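The structure file protein31.txt is reproduced below (compact mmCIF, C-alpha atoms).
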```
# COMPACT_ATOMS: atom_id res chain seq x y z
CA ALA P 30 19.71 -69.08 34.87
CA THR P 31 17.38 -66.54 36.49
CA ARG P 32 20.38 -64.62 37.84
CA ARG P 33 21.97 -64.64 34.36
CA ARG P 34 18.81 -63.28 32.71
CA ARG P 35 18.59 -60.50 35.29
CA SER P 36 22.22 -59.63 34.72
CA GLN P 37 21.67 -59.49 30.95
CA ARG P 38 18.57 -57.25 31.38
CA SER P 39 20.60 -54.98 33.67
CA ARG P 40 23.40 -54.67 31.10
CA ARG P 41 20.89 -53.98 28.30
CA PHE P 42 19.24 -51.29 30.44
CA GLN P 43 22.61 -49.70 31.19
CA ARG P 44 23.56 -49.70 27.50
CA LEU P 45 20.17 -48.22 26.58
CA PHE P 46 20.44 -45.61 29.33
CA PHE P 47 23.92 -44.48 28.30
CA ALA P 48 22.96 -44.55 24.63
CA THR P 49 19.93 -42.38 25.36
CA LEU P 50 22.00 -40.08 27.54
CA GLY P 51 24.65 -39.79 24.83
CA PHE P 52 22.04 -39.11 22.17
CA ALA P 53 20.45 -36.42 24.35
CA ALA P 54 23.86 -34.83 24.98
CA LEU P 55 24.58 -34.95 21.24
CA VAL P 56 21.25 -33.27 20.48
CA VAL P 57 21.92 -30.54 23.07
CA LEU P 58 25.42 -29.92 21.73
CA ALA P 59 24.23 -29.93 18.13
CA ALA P 60 21.06 -27.92 18.76
CA PRO P 61 22.60 -24.52 17.88
CA SER P 62 23.99 -25.96 14.65
CA ILE P 63 20.62 -27.52 13.83
CA VAL P 64 18.86 -24.23 14.52
CA SER P 65 21.40 -22.35 12.39
CA HIS P 66 21.25 -24.62 9.35
CA THR P 67 17.55 -25.48 9.21
CA GLY P 68 16.21 -21.93 8.91
CA ILE P 69 14.85 -21.86 12.45
CA ALA P 70 17.34 -19.12 13.41
CA ARG P 71 16.32 -16.97 10.44
CA SER P 72 12.67 -17.40 11.37
CA LEU P 73 13.37 -16.40 15.00
CA PHE P 74 15.38 -13.42 13.77
CA SER P 75 12.52 -12.21 11.58
CA SER P 76 9.84 -12.74 14.24
CA THR P 77 11.90 -10.93 16.91
CA ALA P 78 12.41 -7.92 14.63
CA LEU P 79 8.71 -7.91 13.80
CA LYS P 80 7.86 -7.35 17.48
CA TYR P 81 9.50 -3.91 17.13
CA GLY P 82 7.84 -3.19 13.80
CA TRP P 83 10.92 -4.04 11.71
CA GLU P 84 11.07 -6.37 8.72
CA ALA P 85 14.25 -8.45 8.81
CA LYS P 86 15.83 -11.01 6.50
CA ALA P 87 19.17 -12.83 6.65
CA GLU P 88 20.92 -15.22 4.30
CA SER P 89 22.58 -17.22 7.09
CA ILE P 90 22.88 -17.16 10.87
CA ASN P 91 25.54 -19.10 12.77
CA ILE P 92 25.81 -19.51 16.54
CA GLY P 93 27.04 -22.13 18.98
CA TRP P 94 27.69 -22.76 22.63
CA ILE P 95 31.16 -21.26 22.24
CA THR P 96 30.86 -19.90 18.69
CA PRO P 97 29.76 -16.23 18.70
CA LEU P 98 26.72 -15.14 16.75
CA SER P 99 27.44 -14.11 13.15
CA ILE P 100 24.94 -13.12 10.46
CA ASP P 101 25.51 -12.74 6.72
CA ASN P 102 23.67 -10.56 4.20
CA VAL P 103 21.12 -8.88 6.44
CA LYS P 104 18.36 -6.56 5.22
CA LEU P 105 16.32 -4.50 7.70
CA ILE P 106 13.36 -2.25 6.93
CA GLY P 107 12.08 0.07 9.64
CA PRO P 108 8.43 0.56 10.66
CA SER P 109 8.18 3.70 8.50
CA GLY P 110 9.37 1.80 5.45
CA GLU P 111 11.86 4.59 4.78
CA THR P 112 14.82 3.34 6.84
CA VAL P 113 16.50 0.49 4.96
CA ILE P 114 19.70 -1.10 6.26
CA GLY P 115 21.87 -3.68 4.52
CA ILE P 116 24.76 -5.52 6.23
CA GLU P 117 27.10 -7.92 4.43
CA GLN P 118 28.51 -9.42 7.64
CA ALA P 119 27.68 -8.94 11.32
CA ASP P 120 29.87 -10.39 14.08
CA THR P 121 29.09 -10.25 17.80
CA ALA P 122 30.43 -11.61 21.08
CA LEU P 123 27.09 -13.29 21.92
CA THR P 124 26.93 -17.08 22.27
CA VAL P 125 24.02 -19.38 23.10
CA THR P 126 25.01 -19.19 26.75
CA SER P 127 24.85 -15.38 26.78
CA LEU P 128 21.54 -15.39 24.90
CA ILE P 129 19.92 -17.55 27.59
CA GLY P 130 18.49 -14.95 29.95
CA PHE P 131 19.62 -12.24 27.54
CA ASP P 132 20.33 -8.83 29.06
CA PRO P 133 20.28 -5.90 26.55
CA SER P 134 22.80 -4.03 28.70
CA SER P 135 25.45 -6.70 28.05
CA ILE P 136 25.46 -6.80 24.25
CA GLY P 137 29.11 -5.72 24.17
CA ASP P 138 31.01 -5.24 20.91
CA VAL P 139 29.31 -5.61 17.55
CA SER P 140 31.23 -5.43 14.26
CA LEU P 141 29.36 -4.70 11.03
CA ARG P 142 30.94 -4.77 7.57
CA GLY P 143 29.59 -3.64 4.23
CA VAL P 144 26.86 -1.48 5.76
CA SER P 145 24.42 0.49 3.58
CA LEU P 146 21.73 2.85 4.85
CA ASP P 147 18.83 4.64 3.18
CA ALA P 148 16.86 7.13 5.30
CA THR P 149 14.77 10.28 5.02
CA VAL P 150 14.60 13.62 6.82
CA ASP P 151 11.37 15.51 7.56
CA PRO P 152 10.69 18.87 9.22
CA GLY P 153 11.35 18.21 12.91
CA SER P 154 12.17 14.51 12.55
CA SER P 155 13.85 11.75 10.55
CA SER P 156 13.04 8.13 9.74
CA ILE P 157 16.11 6.95 11.69
CA GLU P 158 14.94 8.63 14.90
CA SER P 159 11.35 7.41 14.65
CA ASP P 160 12.23 3.84 13.63
CA PHE P 161 14.90 3.35 16.31
CA ALA P 162 12.93 5.02 19.11
CA THR P 163 11.20 1.78 20.17
CA LEU P 164 14.43 -0.24 20.05
CA LEU P 165 16.25 2.21 22.32
CA GLU P 166 13.48 2.52 24.90
CA PRO P 167 14.05 0.56 28.12
CA ASP P 168 11.76 -2.39 28.81
CA VAL P 169 9.00 -1.31 31.22
CA ASP P 170 9.20 -4.72 32.87
CA SER P 171 12.96 -4.59 33.25
CA GLN P 172 15.56 -2.19 34.56
CA SER P 173 17.86 -3.10 31.67
CA ILE P 174 18.60 -0.70 28.84
CA VAL P 175 20.47 -1.25 25.59
CA ARG P 176 24.22 -0.87 26.00
CA ALA P 177 26.54 -1.72 23.13
CA ARG P 178 29.64 -0.66 21.22
CA VAL P 179 29.09 -0.86 17.48
CA HIS P 180 31.87 -0.64 14.89
CA LEU P 181 30.82 -0.11 11.27
CA HIS P 182 33.24 -0.62 8.39
CA ASP P 183 32.85 0.20 4.68
CA VAL P 184 29.74 2.27 5.31
CA SER P 185 27.63 3.97 2.64
CA ALA P 186 24.52 6.01 3.34
CA THR P 187 21.95 7.90 1.29
CA ILE P 188 19.91 10.52 3.16
CA THR P 189 16.95 12.03 1.30
CA ASP P 190 15.00 15.20 1.98
CA ARG P 191 11.38 14.10 1.77
CA ILE P 192 10.17 17.59 0.85
CA ASP P 193 12.22 18.21 -2.31
CA HIS P 194 13.44 14.60 -2.83
CA THR P 195 17.14 15.52 -3.07
CA SER P 196 19.72 13.09 -1.67
CA TRP P 197 23.17 13.27 -0.10
CA VAL P 198 25.52 10.27 -0.17
CA LEU P 199 28.17 9.22 2.36
CA ASP P 200 30.71 6.58 1.30
CA GLN P 201 34.19 5.21 2.08
CA SER P 202 33.19 5.69 5.70
CA ASN P 203 33.89 4.11 9.08
CA VAL P 204 31.66 4.73 12.10
CA ASN P 205 31.99 3.90 15.79
CA LEU P 206 28.97 4.11 18.11
CA GLU P 207 28.53 3.75 21.85
CA ILE P 208 24.89 3.21 22.83
CA ASP P 209 23.75 3.68 26.40
CA GLY P 210 19.96 3.65 26.45
CA GLN P 211 18.72 6.68 24.51
CA GLN P 212 22.16 8.27 24.59
CA VAL P 213 24.34 7.70 21.56
CA ARG P 214 27.95 8.81 21.18
CA GLY P 215 30.16 8.20 18.22
CA ASP P 216 32.60 9.30 15.57
CA LEU P 217 32.52 9.19 11.79
CA ALA P 218 34.94 9.70 8.90
CA GLY P 219 34.21 9.56 5.21
CA LEU P 220 33.38 11.35 1.97
CA VAL P 221 30.09 13.17 1.39
CA HIS P 222 28.58 13.88 -2.05
CA GLU P 223 25.78 16.39 -2.65
CA PRO P 224 23.00 16.00 -5.27
CA SER P 225 25.11 17.81 -7.91
CA GLY P 226 27.91 15.24 -7.44
CA HIS P 227 30.46 17.49 -5.70
CA GLY P 228 32.11 15.81 -2.72
CA GLY P 229 34.30 16.59 0.27
CA ALA P 230 35.90 14.95 3.31
CA LEU P 231 34.37 14.85 6.79
CA GLN P 232 35.54 13.85 10.27
CA SER P 233 33.01 14.12 13.06
CA LYS P 234 32.24 13.31 16.68
CA PHE P 235 28.72 13.51 18.03
CA VAL P 236 26.56 13.03 21.11
CA TRP P 237 22.80 12.49 21.02
CA ALA P 238 21.29 12.59 24.52
CA PRO P 239 17.57 13.43 24.50
CA ASP P 240 17.34 13.11 28.30
CA TYR P 241 20.47 15.31 28.50
CA GLN P 242 21.12 14.48 32.14
CA GLN P 243 24.52 12.99 31.42
CA ALA P 244 25.38 14.97 28.28
CA SER P 245 28.53 17.02 28.58
CA SER P 246 30.15 19.44 26.22
CA GLN P 247 33.49 17.87 27.15
CA GLU P 248 32.57 14.71 25.23
CA THR P 249 33.25 16.48 21.92
CA GLY P 250 35.85 18.89 23.25
CA ASP P 251 33.36 21.71 23.02
CA GLN P 252 34.71 25.02 24.31
CA LEU P 253 31.32 26.64 24.62
CA ALA P 254 29.96 27.80 27.97
CA ALA P 255 27.73 25.17 29.54
CA GLU P 256 24.86 27.26 30.87
CA GLN P 257 22.55 24.42 29.83
CA GLN P 258 23.21 20.76 29.20
CA ALA P 259 22.99 20.00 25.47
CA LEU P 260 20.45 17.66 23.92
CA TRP P 261 22.88 16.98 21.10
CA GLU P 262 26.44 17.96 20.23
CA LEU P 263 28.35 17.78 16.97
CA SER P 264 32.03 18.40 16.27
CA ILE P 265 33.03 18.55 12.61
CA GLU P 266 36.29 18.99 10.72
CA THR P 267 35.85 19.40 6.97
CA ASP P 268 37.84 19.72 3.76
CA SER P 269 35.92 21.04 0.72
CA PHE P 270 32.77 19.77 2.38
CA PRO P 271 29.54 20.52 0.42
CA LEU P 272 27.65 23.22 2.29
CA SER P 273 24.33 21.99 0.91
CA VAL P 274 24.31 19.33 3.66
CA THR P 275 23.11 22.14 5.93
CA ASN P 276 19.85 21.93 3.98
CA LEU P 277 19.20 18.60 5.71
CA ILE P 278 20.02 20.14 9.08
CA SER P 279 17.71 23.07 8.34
CA ARG P 280 14.94 20.64 7.40
CA ARG P 281 15.38 18.50 10.52
CA PHE P 282 15.58 21.48 12.90
CA SER P 283 13.19 23.75 11.00
CA GLU P 284 11.12 24.30 14.16
CA SER P 285 14.15 25.70 15.98
CA LEU P 286 15.61 27.66 13.08
CA GLY P 287 12.30 29.14 11.93
CA SER P 288 12.58 31.69 9.15
CA VAL P 289 16.39 31.50 9.14
CA ALA P 290 16.28 28.13 7.40
CA GLN P 291 16.85 28.27 3.62
CA SER P 292 18.90 26.54 0.91
CA TYR P 293 22.69 26.81 0.71
CA SER P 294 25.36 25.83 -1.80
CA GLY P 295 29.16 26.06 -1.85
CA ASP P 296 31.85 24.25 0.11
CA THR P 297 33.62 24.76 3.42
CA THR P 298 36.90 23.89 5.13
CA GLY P 299 37.49 24.27 8.87
CA LYS P 300 36.28 23.19 12.29
CA VAL P 301 32.77 23.64 13.68
CA LYS P 302 31.35 22.58 17.07
CA VAL P 303 27.58 22.82 17.43
CA ALA P 304 25.21 22.06 20.32
CA GLY P 305 21.42 22.03 20.56
CA LEU P 306 19.90 23.11 23.88
CA PRO P 307 16.59 22.11 25.54
CA ASP P 308 15.07 25.56 24.90
CA GLY P 309 15.44 25.06 21.13
CA SER P 310 18.45 27.34 20.72
CA VAL P 311 21.64 26.34 18.91
CA ARG P 312 25.17 27.43 19.81
CA ALA P 313 28.34 27.05 17.78
CA ALA P 314 32.09 27.59 17.97
CA LEU P 315 33.78 28.24 14.62
CA GLY P 316 37.51 27.66 14.11
CA ASP P 317 39.00 29.29 10.98
CA VAL P 318 36.05 28.28 8.82
CA ARG P 319 36.44 29.16 5.13
CA ILE P 320 33.36 29.16 2.92
CA ARG P 321 33.83 29.29 -0.85
CA ASN P 322 31.28 30.09 -3.56
CA LEU P 323 28.46 30.58 -1.07
CA GLN P 324 24.98 31.04 -2.49
CA THR P 325 21.74 31.08 -0.55
CA THR P 326 18.32 30.75 -2.14
CA SER P 327 14.77 31.01 -0.92
CA GLY P 328 13.13 27.61 -0.64
CA GLN P 329 9.91 28.96 -2.09
CA THR P 330 11.20 31.02 -5.02
CA ALA P 331 14.58 29.35 -5.80
CA ILE P 332 15.90 32.88 -6.45
CA ALA P 333 19.44 33.66 -5.28
CA GLN P 334 19.36 35.79 -2.14
CA TRP P 335 23.10 36.03 -1.47
CA LYS P 336 26.37 35.26 -3.28
CA ASN P 337 29.91 35.37 -1.95
CA ALA P 338 33.16 33.97 -3.39
CA LEU P 339 35.08 33.61 -0.11
CA ALA P 340 34.07 34.13 3.52
CA THR P 341 35.88 33.32 6.76
CA LEU P 342 34.40 32.91 10.23
CA ASP P 343 36.06 32.52 13.61
CA GLY P 344 34.50 32.81 17.06
CA GLU P 345 31.32 31.80 18.87
CA VAL P 346 27.67 32.36 18.05
CA SER P 347 24.26 31.33 19.44
CA LEU P 348 20.97 31.25 17.58
CA THR P 349 17.56 31.45 19.27
CA GLN P 350 14.14 31.80 17.69
CA LYS P 351 14.33 35.59 17.92
CA SER P 352 17.99 36.59 18.07
CA LEU P 353 21.56 35.88 17.00
CA ILE P 354 24.22 36.29 19.71
CA GLY P 355 27.83 36.82 18.73
CA ARG P 356 30.79 36.37 21.08
CA GLY P 357 33.90 37.71 19.37
CA LEU P 358 32.61 36.39 16.03
CA GLU P 359 34.93 37.65 13.30
CA ILE P 360 33.47 37.59 9.80
CA THR P 361 35.09 38.51 6.51
CA THR P 362 33.40 38.43 3.11
CA ASP P 363 34.09 39.72 -0.41
CA PHE P 364 32.60 43.09 0.47
CA ALA P 365 33.02 43.61 4.23
CA SER P 366 34.56 42.44 7.51
CA ALA P 367 33.19 42.79 11.03
CA THR P 368 33.37 41.54 14.58
CA LEU P 369 30.05 40.74 16.26
CA ASN P 370 29.62 40.99 20.01
CA GLY P 371 26.21 40.97 21.67
CA SER P 372 22.69 40.10 20.61
CA PHE P 373 20.66 41.27 17.66
CA PRO P 374 17.32 40.11 16.18
CA THR P 375 17.02 37.73 13.23
CA THR P 376 14.59 40.15 11.53
CA ILE P 377 14.92 43.83 10.65
CA SER P 378 12.30 46.57 10.70
CA LEU P 379 12.49 50.35 10.56
CA VAL P 380 10.11 51.05 13.46
CA GLY P 381 10.47 48.14 15.92
CA PHE P 382 12.28 48.72 19.22
CA ASP P 383 14.20 45.41 19.30
CA ASP P 384 14.60 44.71 15.59
CA ASN P 385 15.31 48.10 14.06
CA LEU P 386 18.35 48.70 11.86
CA LEU P 387 20.11 50.81 14.52
CA ARG P 388 20.00 47.85 16.96
CA TRP P 389 21.83 45.76 14.36
CA LEU P 390 24.52 48.39 13.82
CA GLN P 391 25.06 48.80 17.56
CA THR P 392 25.99 45.13 17.79
CA LEU P 393 28.92 45.55 15.38
CA ASP P 394 32.09 45.82 17.44
CA GLY P 395 34.96 47.73 15.82
CA ARG P 396 35.25 48.66 12.17
CA ALA P 397 33.10 47.09 9.45
CA PRO P 398 34.42 48.37 6.12
CA VAL P 399 32.15 47.69 3.15
CA SER P 400 33.23 47.32 -0.49
CA TYR P 401 30.17 48.03 -2.60
CA THR P 402 31.92 46.86 -5.78
CA HIS P 403 31.93 43.27 -4.44
CA LEU P 404 28.44 43.33 -2.93
CA THR P 405 26.19 40.85 -4.76
CA LEU P 406 22.49 40.95 -4.05
CA PRO P 407 19.47 39.64 -6.00
```

If you convert what's in this file into structure tokens, what do you get?
Amino acid sequence: ATRRRRSQRSRRFQRLFFATLGFAALVVLAAPSIVSHTGIARSLFSSTALKYGWEAKAESINIGWITPLSIDNVKLIGPSGETVIGIEQADTALTVTSLIGFDPSSIGDVSLRGVSLDATVDPGSSSIESDFATLLEPDVDSQSIVRARVHLHDVSATITDRIDHTSWVLDQSNVNLEIDGQQVRGDLAGLVHEPSGHGGALQSKFVWAPDYQQASSQETGDQLAAEQQALWELSIETDSFPLSVTNLISRRFSESLGSVAQSYSGDTTGKVKVAGLPDGSVRAALGDVRIRNLQTTSGQTAIAQWKNALATLDGEVSLTQKSLIGRGLEITTDFASATLNGSFPTTISLVGFDDNLLRWLQTLDGRAPVSYTHLTLP
């Protein structure tokens, strides 16, 4: 009888042990699903973003031991409050296993659909740069840096000039990004609309490398001489592209462009490759660029400074704070044509040694016929 009771207790203990073990295994296997469907994942998502100063919300988050992380209807607001990102669907290759001991350098491919972006541009900066700076910085306690390949589909973006509150809109766009620490490479295609509503097509490749140690002009096929490594590079092919977008560029790089920066209108078709150097200068290669209905205005007076129905540009040019350097730059306008070789100042005086009118004329290479009947000045 005693032996039978012991045997029964042993069998009950075994059943209880295996039941407990099975329940524990079930809990472990179901934990990701529980976290996903009880709001715990959304709370963790919001609290993690808050550590970097971002406000984040998501309608649903799904992840499993073998099911990759996916997030629906995301809204992100940057620390400045002026970078707002919306994502209808985000898919990644990250599972619970890969998130345990997560390494930012192994994020891999990320696919985002239905992406919207609102951002602002200031003199010398933008809300995107300032808000993402902390996210892209390497962890001081770790050697890991952010590495990822991001594919964005059905992208729309509204970029606003904070000074005059005008906005440019990008839509019907697809974007591919490769992030390696603070270096960002990518390509973009889409339609751009200016504040007046006029729009044009754009295809672009770009490199943003603030440490510029690994930046190379070859990444965008740039044909410019590489005396200095570029901080950023941009290759653009346009069709009836609104020239007023350069107002945003002038605002962002106002410190480099100085007094040259002003407002532009018109549209352009052609190829342009631009690079920004560590000394603040900008260099560009222009390939059969056609500019129609060009008009420049002073930002302070809004009075037209220059009008031209059709201009073409082909060649290379560099812009520093004090001079413009042409390398076989061929320019034709309604009233004149010229080839520029050499350096001349960005200002003109009658008495200065480096910026007098004669110095300008000496830089013109070849003939520069002028038609005064087509010359339009304020």

Please provide the set of residues having any atom within 12 Å of stretch 103-120 of chain P, restricted to only C-alpha atoms, with same-chain residues fewer than 5 positions apart removed, written as number ranges by chain. P: 71, 74-75, 78-92, 96-98, 136-151, 155-164, 179-191

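Using all atoms listed in the file, the contacts of P:Gly355 at a cut-off of 6 Å, with sequence neighbours closer than 3 positions omitted, comprise Val346, Leu358, Leu369, Asn370 and Gly371 of chain P.
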
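Within 6 Å of the point (15.8, 30.6, 18.8) in file coordinates, and counting only C-alpha atoms, lie the residues Ser285, Ser310, Leu348, Thr349, Gln350 and Lys351 of chain P.
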
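Nearest to P:Val274 of all the residues P:Leu306, P:Leu199, P:Ala259, P:Ile95 is P:Leu199, counting only C-alpha atoms.
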
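Counting all atoms listed in the file, the residue from P:Ser72, P:Thr325, P:Ser154, P:Thr124 that sits nearest to P:Ile278 is P:Ser154.
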